[in-house]
file final-v6.txt (compact mmCIF, C-alpha atoms)
# COMPACT_ATOMS: atom_id res chain seq x y z
CA MET A 2 -24.88 -10.73 18.09
CA ALA A 3 -21.75 -10.24 15.95
CA SER A 4 -18.49 -10.03 17.86
CA GLN A 5 -16.77 -6.67 18.17
CA LEU A 6 -13.29 -5.76 16.98
CA LEU A 7 -10.56 -6.04 19.56
CA GLU A 8 -9.48 -2.83 21.25
CA LEU A 9 -6.27 -1.57 19.62
CA PRO A 10 -3.22 -0.70 21.73
CA PRO A 11 -1.64 2.76 21.58
CA ALA A 12 0.51 3.35 18.50
CA PRO A 13 3.97 1.85 19.10
CA ALA A 14 7.18 3.67 18.27
CA SER A 15 8.46 0.96 15.91
CA GLY A 16 7.34 -1.40 13.16
CA ALA A 17 4.28 -3.63 13.43
CA GLY A 18 6.24 -6.87 13.11
CA PRO A 19 5.64 -9.76 10.72
CA VAL A 20 2.38 -10.44 8.93
CA PRO A 21 -0.15 -12.25 11.17
CA VAL A 22 -0.66 -15.98 11.07
CA ARG A 23 -3.72 -16.59 8.90
CA ARG A 24 -7.00 -17.85 10.26
CA PRO A 25 -8.79 -20.93 8.87
CA HIS A 26 -11.59 -20.06 6.42
CA SER A 27 -9.97 -16.82 5.29
CA ILE A 28 -8.73 -14.98 2.22
CA ARG A 29 -5.39 -13.19 2.04
CA ARG A 30 -4.28 -10.73 -0.65
CA VAL A 31 -0.58 -9.84 -0.59
CA SER A 32 1.51 -7.65 -2.86
CA ALA A 33 5.06 -6.36 -3.06
CA ILE A 34 6.41 -3.73 -5.44
CA ASP A 35 10.21 -3.62 -5.46
CA MET A 36 11.77 -0.47 -6.93
CA SER A 37 15.50 -1.04 -7.31
CA TRP A 38 18.39 1.16 -8.43
CA PRO A 39 21.24 -1.16 -9.51
CA ALA A 40 23.03 1.69 -11.33
CA GLY A 41 22.08 4.46 -8.89
CA ALA A 42 19.90 7.50 -9.55
CA ASP A 43 21.12 7.96 -13.13
CA GLY A 44 20.47 4.34 -14.08
CA GLY A 45 16.72 4.23 -13.68
CA MET A 46 14.25 2.58 -11.32
CA GLN A 47 13.73 -1.13 -12.00
CA ILE A 48 10.22 -2.27 -11.05
CA ALA A 49 9.40 -5.87 -10.09
CA ALA A 50 5.94 -6.38 -8.60
CA SER A 51 3.83 -9.40 -7.67
CA ALA A 52 0.43 -9.91 -6.05
CA TYR A 53 -1.32 -13.08 -4.92
CA ASP A 54 -4.80 -14.01 -3.70
CA LEU A 55 -4.64 -16.94 -1.27
CA ARG A 56 -7.43 -18.97 0.32
CA ILE A 57 -7.11 -21.08 3.47
CA ASP A 58 -9.57 -23.83 4.29
CA GLY A 59 -10.54 -25.23 7.69
CA GLU A 60 -7.55 -27.58 7.70
CA GLY A 61 -5.06 -24.85 6.93
CA THR A 62 -4.57 -25.90 3.30
CA GLN A 63 -3.69 -23.03 0.99
CA GLU A 64 -5.02 -22.42 -2.52
CA ARG A 65 -3.65 -19.64 -4.76
CA PHE A 66 -6.62 -18.57 -6.90
CA ALA A 67 -5.32 -15.39 -8.55
CA GLU A 68 -2.00 -13.67 -9.15
CA ALA A 69 -0.30 -10.93 -11.17
CA GLN A 70 3.20 -9.81 -12.10
CA VAL A 71 4.35 -6.42 -13.36
CA THR A 72 7.87 -5.45 -14.38
CA GLY A 73 9.16 -2.20 -15.83
CA GLU A 74 11.43 0.78 -15.63
CA ALA A 75 10.88 4.39 -14.52
CA ASP A 76 13.06 7.40 -13.78
CA THR A 77 13.54 9.55 -10.69
CA ALA A 78 10.69 11.81 -11.86
CA ARG A 79 8.31 8.77 -11.81
CA THR A 80 7.78 8.57 -15.58
CA ILE A 81 7.19 4.99 -16.78
CA HIS A 82 9.58 4.11 -19.62
CA HIS A 83 8.68 0.46 -20.06
CA LEU A 84 6.11 -1.91 -18.60
CA SER A 85 5.25 -5.59 -18.88
CA ILE A 86 2.01 -6.92 -17.38
CA ASN A 87 1.79 -10.66 -16.81
CA GLY A 88 4.46 -11.16 -19.46
CA GLU A 89 2.84 -8.88 -22.08
CA ASP A 90 4.09 -5.44 -23.11
CA GLY A 91 1.20 -4.45 -25.40
CA GLY A 92 -2.32 -3.23 -24.63
CA ILE A 93 -2.56 -1.49 -21.26
CA ALA A 94 1.20 -1.74 -20.71
CA ARG A 95 1.81 0.29 -23.85
CA LYS A 96 -0.85 2.85 -22.87
CA LEU A 97 0.82 3.37 -19.48
CA THR A 98 4.27 3.89 -21.01
CA GLY A 99 5.18 7.56 -20.74
CA ALA A 100 2.68 8.20 -17.92
CA ARG A 101 3.56 9.42 -14.45
CA GLY A 102 1.75 10.07 -11.18
CA GLY A 103 -1.98 10.64 -11.40
CA ARG A 104 -1.92 10.11 -15.15
CA ILE A 105 -1.17 6.44 -14.49
CA ARG A 106 -4.47 6.08 -12.64
CA ALA A 107 -6.44 8.12 -15.18
CA THR A 108 -5.15 5.95 -18.04
CA LEU A 109 -5.88 2.79 -16.05
CA ARG A 110 -9.48 3.85 -15.35
CA GLU A 111 -10.03 4.44 -19.06
CA ALA A 112 -8.56 1.05 -19.97
CA ILE A 113 -10.30 -1.10 -17.33
CA ALA A 114 -13.87 -0.05 -16.68
CA ASP A 115 -15.46 -3.26 -15.37
CA GLU A 116 -15.76 -3.92 -11.63
CA ALA A 117 -14.18 -7.39 -11.82
CA GLY A 118 -11.11 -5.99 -13.56
CA ARG A 119 -10.75 -3.29 -10.93
CA ALA A 120 -10.89 -5.90 -8.15
CA SER A 121 -8.08 -8.00 -9.64
CA PRO A 122 -4.49 -8.25 -8.36
CA THR A 123 -3.32 -6.85 -11.70
CA TRP A 124 -5.32 -3.66 -11.09
CA LEU A 125 -3.90 -3.38 -7.56
CA LEU A 126 -0.31 -3.41 -8.81
CA LEU A 127 -0.91 -0.99 -11.68
CA ASP A 128 -3.02 1.41 -9.62
CA ASP A 129 -0.38 1.34 -6.89
CA LEU A 130 2.39 2.44 -9.25
CA ALA A 131 1.24 6.06 -8.93
CA GLY A 132 1.80 6.06 -5.16
CA ALA A 133 4.64 3.55 -4.99
CA THR A 134 6.86 5.49 -7.37
CA ILE A 135 6.56 8.54 -5.10
CA VAL A 136 8.53 6.64 -2.47
CA GLY A 137 10.63 4.60 -4.89
CA ASN A 138 13.49 7.06 -4.37
CA TRP A 139 13.52 6.43 -0.62
CA ALA A 140 16.20 3.74 -1.02
CA LEU A 141 18.45 6.16 -2.88
CA LEU A 142 18.11 8.62 0.00
CA CYS A 143 18.93 5.87 2.50
CA TRP A 144 22.14 4.97 0.65
CA SER A 145 23.17 8.54 -0.20
CA GLU A 146 26.03 10.36 1.54
CA ASP A 147 24.33 13.69 0.79
CA ARG A 148 20.57 13.24 1.22
CA GLU A 149 19.80 16.96 1.01
CA LYS A 150 21.55 17.31 -2.33
CA LEU A 151 19.69 14.31 -3.74
CA ALA A 152 16.38 15.57 -2.35
CA LYS A 153 17.02 18.94 -4.02
CA ARG A 154 17.42 17.15 -7.34
CA PHE A 155 14.11 15.37 -6.85
CA ARG A 156 12.37 18.67 -6.09
CA GLU A 157 13.82 20.24 -9.23
CA GLU A 158 12.44 17.33 -11.23
CA GLY A 159 9.00 18.05 -9.82
CA LEU A 160 8.72 14.84 -7.81
CA GLY A 161 5.48 14.98 -5.82
CA GLY A 162 3.20 17.86 -4.94
CA ARG A 163 2.90 20.76 -7.33
CA GLY A 164 6.15 20.83 -9.21
CA GLY A 165 8.00 19.71 -6.07
CA ASP A 166 6.12 22.03 -3.70
CA MET A 167 4.46 19.77 -1.11
CA HIS A 168 2.46 22.42 0.79
CA GLY A 169 -1.12 21.22 1.36
CA VAL A 170 -0.60 17.80 -0.21
CA CYS A 171 -1.53 15.89 2.96
CA ALA A 172 -2.09 16.21 6.70
CA GLY A 173 1.65 16.08 7.34
CA PHE A 174 2.24 19.01 5.01
CA ARG A 175 -0.60 21.24 6.23
CA PRO A 176 -0.10 24.97 6.91
CA GLY A 177 2.42 25.60 9.67
CA THR A 178 4.01 22.16 9.40
CA THR A 179 7.57 21.57 10.55
CA ALA A 180 7.96 18.90 7.84
CA LEU A 181 8.69 21.31 4.97
CA GLY A 182 11.31 23.88 4.19
CA PRO A 183 10.59 27.39 2.85
CA ASP A 184 10.70 26.14 -0.77
CA GLY A 185 8.03 23.51 -0.08
CA GLY A 186 10.49 20.63 -0.14
CA VAL A 187 10.67 18.00 2.59
CA ALA A 188 12.85 18.99 5.54
CA MET A 189 15.20 16.02 5.43
CA ASP A 190 16.76 16.85 8.81
CA LYS A 191 13.35 16.43 10.45
CA GLN A 192 12.34 13.22 8.68
CA SER A 193 11.98 10.07 10.79
CA ALA A 194 12.15 6.36 9.98
CA ALA A 195 12.38 3.12 11.96
CA VAL A 196 14.34 -0.09 11.69
CA VAL A 197 11.90 -2.93 11.04
CA SER A 198 12.05 -6.71 10.75
CA ASP A 199 11.19 -8.73 7.67
CA LEU A 200 7.44 -9.23 7.18
CA ALA A 201 7.72 -13.00 6.77
CA ASN A 202 6.26 -14.89 9.72
CA PRO A 203 8.11 -18.14 10.60
CA ASP A 204 4.85 -19.56 11.99
CA ASP A 205 3.16 -19.14 8.58
CA PRO A 206 5.92 -19.17 5.93
CA ASP A 207 3.52 -19.47 2.99
CA GLY A 208 1.64 -16.38 4.10
CA TRP A 209 4.30 -14.04 2.67
CA PRO A 210 5.43 -15.56 -0.67
CA PHE A 211 8.06 -12.99 -1.66
CA PRO A 212 11.85 -13.34 -1.95
CA ALA A 213 14.32 -11.10 -0.17
CA ARG A 214 14.93 -7.86 -2.03
CA PRO A 215 18.13 -7.52 -4.11
CA SER A 216 21.32 -6.22 -2.47
CA VAL A 217 21.16 -2.85 -4.27
CA PRO A 218 19.16 0.21 -3.17
CA THR A 219 15.57 -1.09 -3.18
CA THR A 220 12.34 0.36 -1.87
CA ARG A 221 9.55 -2.14 -1.30
CA ARG A 222 5.88 -1.23 -1.01
CA ALA A 223 4.28 -4.17 0.77
CA ARG A 224 0.62 -4.86 1.46
CA HIS A 225 -1.30 -7.64 3.17
CA LEU A 226 -5.04 -7.97 3.64
CA ASP A 227 -6.89 -10.74 5.50
CA ILE A 228 -10.66 -11.21 5.22
CA TRP A 229 -12.89 -13.56 7.20
CA VAL A 230 -16.50 -13.79 8.38
CA GLU A 231 -17.82 -13.31 11.92
CA GLY A 232 -21.57 -13.64 12.14
CA ASP A 233 -23.12 -11.14 9.75
CA ARG A 234 -19.90 -9.16 9.33
CA LEU A 235 -16.83 -9.18 7.17
CA ILE A 236 -13.70 -8.58 9.27
CA LEU A 237 -10.57 -7.16 7.69
CA LEU A 238 -7.03 -6.86 8.95
CA ALA A 239 -4.65 -4.99 6.65
CA GLY A 240 -1.04 -3.91 6.72
CA PHE A 241 0.97 -1.51 4.58
CA GLN A 242 4.67 -0.72 4.63
CA ASP A 243 7.12 1.35 2.56
CA SER A 244 10.65 0.33 3.45
CA ALA A 245 14.19 0.28 2.06
CA ASN A 246 17.23 -1.89 2.59
CA MET A 247 20.41 -0.31 3.90
CA PRO A 248 23.88 -1.30 2.64
CA ASP A 249 24.31 -3.61 5.66
CA GLY A 250 20.96 -5.34 4.97
CA THR A 251 19.01 -3.55 7.70
CA LEU A 252 15.43 -2.70 6.71
CA VAL A 253 14.19 0.84 7.40
CA ALA A 254 10.52 1.82 7.04
CA VAL A 255 9.28 5.32 6.34
CA HIS A 256 5.55 4.47 6.30
CA GLU A 257 3.71 1.66 8.07
CA TYR A 258 0.05 1.29 8.98
CA ARG A 259 -2.18 -1.48 10.28
CA VAL A 260 -5.95 -1.25 9.77
CA ARG A 261 -8.86 -3.20 11.29
CA LEU A 262 -12.27 -2.87 9.71
CA ALA A 263 -15.71 -4.45 10.09
CA ALA A 264 -18.38 -4.21 7.39
CA ASP A 265 -21.88 -5.61 6.98
CA ARG A 266 -21.57 -8.84 5.01
CA THR A 267 -24.60 -8.11 2.81
CA SER A 268 -24.59 -4.36 2.23
CA HIS A 269 -20.78 -3.99 2.52
CA LYS A 270 -21.28 -0.83 4.57
CA ILE A 271 -18.40 -0.03 6.92
CA GLU A 272 -19.44 -0.32 10.58
CA GLU A 273 -16.07 0.15 12.30
CA ILE A 274 -12.61 1.20 11.23
CA HIS A 275 -9.46 1.55 13.35
CA VAL A 276 -6.10 2.71 11.99
CA THR A 277 -2.78 2.36 13.83
CA PRO A 278 0.13 4.42 12.46
CA HIS A 279 3.31 2.52 13.30
CA VAL A 280 5.96 4.42 11.32
CA LEU A 281 5.51 7.86 9.73
CA PRO A 282 8.11 10.41 8.65
CA HIS A 283 6.90 13.59 10.40
CA ARG A 284 5.24 14.41 13.71
CA GLU A 285 2.24 15.99 11.95
CA CYS A 286 1.50 12.86 9.85
CA PRO A 287 -0.67 10.92 12.35
CA ALA A 288 -3.31 13.70 12.19
CA ALA A 289 -4.73 11.98 9.11
CA VAL A 290 -5.89 9.02 11.19
CA GLY A 291 -8.49 11.14 13.00
CA HIS A 292 -10.37 11.81 9.78
CA VAL A 293 -10.84 8.17 8.76
CA GLN A 294 -14.09 7.85 10.73
CA ALA A 295 -15.71 9.86 7.91
CA LEU A 296 -15.82 6.55 6.02
CA VAL A 297 -18.09 4.77 8.54
CA GLY A 298 -21.45 4.08 6.90
CA THR A 299 -20.08 4.13 3.36
CA ARG A 300 -19.83 1.10 1.07
CA LEU A 301 -16.55 -0.65 0.43
CA THR A 302 -17.07 -0.55 -3.34
CA ASP A 303 -17.32 3.25 -3.19
CA LEU A 304 -13.93 3.74 -1.51
CA PRO A 305 -11.76 4.12 -4.65
CA GLU A 306 -13.72 7.25 -5.59
CA LEU A 307 -14.83 8.35 -2.11
CA VAL A 308 -11.48 8.33 -0.31
CA PRO A 309 -9.91 11.10 -2.46
CA GLN A 310 -13.08 13.17 -2.01
CA ARG A 311 -13.37 12.90 1.78
CA LEU A 312 -9.72 12.44 2.72
CA GLY A 313 -7.94 14.48 0.08
CA GLY A 314 -5.39 17.21 0.77
CA ILE A 315 -4.71 18.05 4.41
CA ALA A 316 -7.55 15.78 5.58
CA GLY A 317 -5.63 12.65 4.66
CA CYS A 318 -2.34 10.86 4.11
CA THR A 319 -1.40 9.96 0.54
CA HIS A 320 -0.18 6.53 1.63
CA LEU A 321 -3.02 5.73 4.01
CA ASN A 322 -5.43 6.74 1.25
CA ASP A 323 -3.76 4.16 -0.99
CA VAL A 324 -4.47 1.54 1.67
CA LEU A 325 -8.12 2.55 1.99
CA ARG A 326 -8.74 2.77 -1.75
CA GLY A 327 -7.56 -0.84 -2.07
CA PHE A 328 -10.46 -1.97 0.11
CA GLY A 329 -12.78 -1.46 -2.86
CA ALA A 330 -11.83 -4.98 -3.98
CA ILE A 331 -13.05 -6.61 -0.76
CA PRO A 332 -16.64 -7.38 -1.87
CA SER A 333 -15.28 -9.25 -4.88
CA LEU A 334 -12.68 -11.07 -2.81
CA SER A 335 -15.26 -11.96 -0.17
CA GLU A 336 -17.21 -13.94 -2.79
CA GLN A 337 -14.43 -16.52 -2.43
CA LEU A 338 -15.60 -17.00 1.17
CA SER A 339 -18.33 -19.39 0.09
CA GLY A 340 -19.38 -22.78 1.42
CA GLU A 341 -16.96 -23.95 4.09
CA PHE A 342 -14.93 -20.77 3.70
CA ALA A 343 -17.87 -18.68 4.95
CA MET A 344 -17.74 -20.39 8.35
CA ARG A 345 -16.79 -18.31 11.35
CA GLY A 346 -13.04 -17.78 11.55

call {"tool": "encode", "arguments": {"input": "final-v6.txt", "output": "structure tokens"}}
result
Amino acid sequence: MASQLLELPPAPASGAGPVPVRRPHSIRRVSAIDMSWPAGADGGMQIAASAYDLRIDGEGTQERFAEAQVTGEADTARTIHHLSINGEDGGIARKLTGARGGRIRATLREAIADEAGRASPTWLLLDDLAGATIVGNWALLCWSEDREKLAKRFREEGLGGRGGDMHGVCAGFRPGTTALGPDGGVAMDKQSAAVVSDLANPDDPDGWPFPARPSVPTTRRARHLDIWVEGDRLILLAGFQDSANMPDGTLVAVHEYRVRLAADRTSHKIEEIHVTPHVLPHRECPAAVGHVQALVGTRLTDLPELVPQRLGGIAGCTHLNDVLRGFGAIPSLSEQLSGEFAMRG
């Protein structure tokens, strides 16, 4: 009989800590999207993103079998002004120039239709730009002496929601929420965050292959996903964090989740899923976690389309949905767990 997932502890009041030490015979996908503001809000958002697929054998030896890099520039309203994908600025990069928000994903779906392409680290980074640029301004808010004034500017530029009105966008902004002001903008005086440590784990230094962020206002969207086999199941452990550096170097997270999931190894149907919200900005936000069980029994490959359908609007969290949509790549990644790598972790 396949082993069961460990019981999760109650949600802590702080960050989840560093990435876990990897297991032998496992796959890890990691990504980091840094959105920096070296010239402040009027100077544009500088994007530097990387993703890596890593494989660990039974002796702990690491192999990097896929990677991607994306660089570019956007503005405070999330419009992409320039993009380079794996060193090239033509093709898809040119098509995405001028796009913002959901249009980024629509353009990407038109440009990359094959399943293998949508399971690649390049797709992950490009697809994530739509959600990452929503929080790219978080670092500016952290460094600002007048957060409410800056937030008002973002609302006037139509950042997020419906022209800046966030009512009904997610579980945290459902009717009656304390998270929004009368104009539909985020109530900055009620927004929470938490000081967190760096994600690098000293006991597995190669497991987080990203440099420290630059010493200018920088928001980092970080992801890590481990996959291994137990009996007839695929086991997944994932982490997600949106954080910014403060002027003194302190790291402050506004979103952080950890997810454990078990799926049938053959059918890829989800059998169990557990989500722990570690850091969220408003007291209503954790309500989204209770709806995730609607995904049990569905196939991993269906998640990119299914998550917005079942967990859209006030049933979900925009950022948690980004985590869950990324699990659509797991069946493709799990094919790397062949031969000795398919042994029990």

call {"tool": "atom_distance", "arguments": {"input": "final-v6.txt", "atom1": "CA of Ile135 (chain A)", "atom2": "CA of Gly329 (chain A)"}}
result
21.9 Å

call {"tool": "closest_residue", "arguments": {"input": "final-v6.txt", "among": "A:Phe211, A:Trp144, A:Phe66, A:Phe155", "to": "Trp38 (chain A)", "atoms": "all atoms listed in the file"}}
result
A:Trp144

call {"tool": "closest_residue", "arguments": {"input": "final-v6.txt", "among": "A:Pro25, A:Gly132, A:Gly208, A:Gly44", "to": "Asn322 (chain A)", "atoms": "all atoms listed in the file"}}
result
A:Gly132

call {"tool": "residues_around", "arguments": {"input": "final-v6.txt", "residues": "region 197-207 of chain A", "least_positions_apart": "3", "cutoff": "9 Å", "atoms": "only C-alpha atoms", "output": "list in words"}}
result
Ser15, Gly16, Ala17, Gly18, Pro19, Val20, Pro21, Val22, Arg23, Gln63, Pro210, Phe211, Ala213, Ala223, Ser244, Thr251, Leu252, Val253 and Ala254 of chain A

call {"tool": "atom_distance", "arguments": {"input": "final-v6.txt", "atom1": "CA of Glu272 (chain A)", "atom2": "CA of Glu257 (chain A)"}}
result
23.4 Å

call {"tool": "closest_residue", "arguments": {"input": "final-v6.txt", "among": "A:Met247, A:Ala107, A:Ala75, A:Leu307", "to": "Leu142 (chain A)", "atoms": "all atoms listed in the file"}}
result
A:Met247

call {"tool": "atom_distance", "arguments": {"input": "final-v6.txt", "atom1": "CA of Trp124 (chain A)", "atom2": "CA of Ile274 (chain A)"}}
result
24.0 Å

call {"tool": "closest_residue", "arguments": {"input": "final-v6.txt", "among": "A:Asp265, A:Asp115, A:Asp129, A:Glu273", "to": "Phe241 (chain A)", "atoms": "all atoms listed in the file"}}
result
A:Asp129

call {"tool": "decode", "arguments": {"input": "final-v6.txt", "residues": "region 188-198 of chain A", "atoms": "all heavy atoms", "output": "PDB file, in the first residue's frame"}}
result
ATOM      1  N   ALA A 188      -6.628  48.380   1.098  1.00  0.00           N
ATOM      2  CA  ALA A 188      -6.483  49.165   2.329  1.00  0.00           C
ATOM      3  C   ALA A 188      -5.077  48.939   2.877  1.00  0.00           C
ATOM      4  O   ALA A 188      -4.813  47.957   3.577  1.00  0.00           O
ATOM      5  CB  ALA A 188      -7.540  48.737   3.348  1.00  0.00           C
ATOM      6  N   MET A 189      -4.169  49.855   2.548  1.00  0.00           N
ATOM      7  CA  MET A 189      -2.765  49.661   2.886  1.00  0.00           C
ATOM      8  C   MET A 189      -2.532  49.585   4.393  1.00  0.00           C
ATOM      9  O   MET A 189      -1.620  48.902   4.853  1.00  0.00           O
ATOM     10  CB  MET A 189      -1.928  50.801   2.289  1.00  0.00           C
ATOM     11  CG  MET A 189      -2.005  50.910   0.772  1.00  0.00           C
ATOM     12  SD  MET A 189      -1.525  49.375  -0.072  1.00  0.00           S
ATOM     13  CE  MET A 189       0.180  49.228   0.439  1.00  0.00           C
ATOM     14  N   ASP A 190      -3.376  50.272   5.179  1.00  0.00           N
ATOM     15  CA  ASP A 190      -3.187  50.266   6.625  1.00  0.00           C
ATOM     16  C   ASP A 190      -3.578  48.929   7.243  1.00  0.00           C
ATOM     17  O   ASP A 190      -3.282  48.668   8.414  1.00  0.00           O
ATOM     18  CB  ASP A 190      -3.977  51.398   7.279  1.00  0.00           C
ATOM     19  CG  ASP A 190      -5.483  51.299   7.013  1.00  0.00           C
ATOM     20  OD1 ASP A 190      -5.871  50.788   5.944  1.00  0.00           O
ATOM     21  OD2 ASP A 190      -6.257  51.732   7.878  1.00  0.00           O
ATOM     22  N   LYS A 191      -4.239  48.072   6.474  1.00  0.00           N
ATOM     23  CA  LYS A 191      -4.639  46.765   6.993  1.00  0.00           C
ATOM     24  C   LYS A 191      -3.849  45.624   6.348  1.00  0.00           C
ATOM     25  O   LYS A 191      -4.143  44.456   6.577  1.00  0.00           O
ATOM     26  CB  LYS A 191      -6.140  46.536   6.761  1.00  0.00           C
ATOM     27  CG  LYS A 191      -7.041  47.497   7.546  1.00  0.00           C
ATOM     28  CD  LYS A 191      -8.500  47.175   7.313  1.00  0.00           C
ATOM     29  CE  LYS A 191      -9.409  48.018   8.199  1.00  0.00           C
ATOM     30  NZ  LYS A 191      -9.343  49.444   7.850  1.00  0.00           N
ATOM     31  N   GLN A 192      -2.871  45.966   5.532  1.00  0.00           N
ATOM     32  CA  GLN A 192      -2.091  44.942   4.835  1.00  0.00           C
ATOM     33  C   GLN A 192      -0.974  44.417   5.724  1.00  0.00           C
ATOM     34  O   GLN A 192      -0.289  45.186   6.396  1.00  0.00           O
ATOM     35  CB  GLN A 192      -1.502  45.508   3.543  1.00  0.00           C
ATOM     36  CG  GLN A 192      -0.923  44.462   2.622  1.00  0.00           C
ATOM     37  CD  GLN A 192      -0.494  45.060   1.295  1.00  0.00           C
ATOM     38  OE1 GLN A 192       0.441  45.848   1.239  1.00  0.00           O
ATOM     39  NE2 GLN A 192      -1.180  44.685   0.222  1.00  0.00           N
ATOM     40  N   SER A 193      -0.802  43.095   5.727  1.00  0.00           N
ATOM     41  CA  SER A 193       0.214  42.447   6.556  1.00  0.00           C
ATOM     42  C   SER A 193       1.344  41.893   5.696  1.00  0.00           C
ATOM     43  O   SER A 193       1.195  41.674   4.494  1.00  0.00           O
ATOM     44  CB  SER A 193      -0.410  41.292   7.345  1.00  0.00           C
ATOM     45  OG  SER A 193      -1.442  41.741   8.201  1.00  0.00           O
ATOM     46  N   ALA A 194       2.476  41.661   6.316  1.00  0.00           N
ATOM     47  CA  ALA A 194       3.633  41.032   5.687  1.00  0.00           C
ATOM     48  C   ALA A 194       4.449  40.402   6.809  1.00  0.00           C
ATOM     49  O   ALA A 194       4.131  40.567   7.984  1.00  0.00           O
ATOM     50  CB  ALA A 194       4.454  42.047   4.918  1.00  0.00           C
ATOM     51  N   ALA A 195       5.491  39.666   6.457  1.00  0.00           N
ATOM     52  CA  ALA A 195       6.317  39.015   7.479  1.00  0.00           C
ATOM     53  C   ALA A 195       7.771  39.008   7.046  1.00  0.00           C
ATOM     54  O   ALA A 195       8.082  38.785   5.871  1.00  0.00           O
ATOM     55  CB  ALA A 195       5.844  37.583   7.717  1.00  0.00           C
ATOM     56  N   VAL A 196       8.646  39.259   7.998  1.00  0.00           N
ATOM     57  CA  VAL A 196      10.080  39.127   7.738  1.00  0.00           C
ATOM     58  C   VAL A 196      10.405  37.657   7.542  1.00  0.00           C
ATOM     59  O   VAL A 196       9.961  36.799   8.312  1.00  0.00           O
ATOM     60  CB  VAL A 196      10.899  39.708   8.904  1.00  0.00           C
ATOM     61  CG1 VAL A 196      12.390  39.439   8.714  1.00  0.00           C
ATOM     62  CG2 VAL A 196      10.645  41.203   9.051  1.00  0.00           C
ATOM     63  N   VAL A 197      11.155  37.352   6.476  1.00  0.00           N
ATOM     64  CA  VAL A 197      11.487  35.964   6.164  1.00  0.00           C
ATOM     65  C   VAL A 197      12.991  35.842   5.949  1.00  0.00           C
ATOM     66  O   VAL A 197      13.688  36.832   5.707  1.00  0.00           O
ATOM     67  CB  VAL A 197      10.735  35.470   4.902  1.00  0.00           C
ATOM     68  CG1 VAL A 197       9.235  35.412   5.154  1.00  0.00           C
ATOM     69  CG2 VAL A 197      11.032  36.350   3.693  1.00  0.00           C
ATOM     70  N   SER A 198      13.475  34.605   6.026  1.00  0.00           N
ATOM     71  CA  SER A 198      14.886  34.334   5.770  1.00  0.00           C
ATOM     72  C   SER A 198      15.084  34.008   4.297  1.00  0.00           C
ATOM     73  O   SER A 198      14.126  33.757   3.561  1.00  0.00           O
ATOM     74  CB  SER A 198      15.350  33.151   6.618  1.00  0.00           C
ATOM     75  OG  SER A 198      14.591  31.991   6.305  1.00  0.00           O
TER      76      SER A 198
END
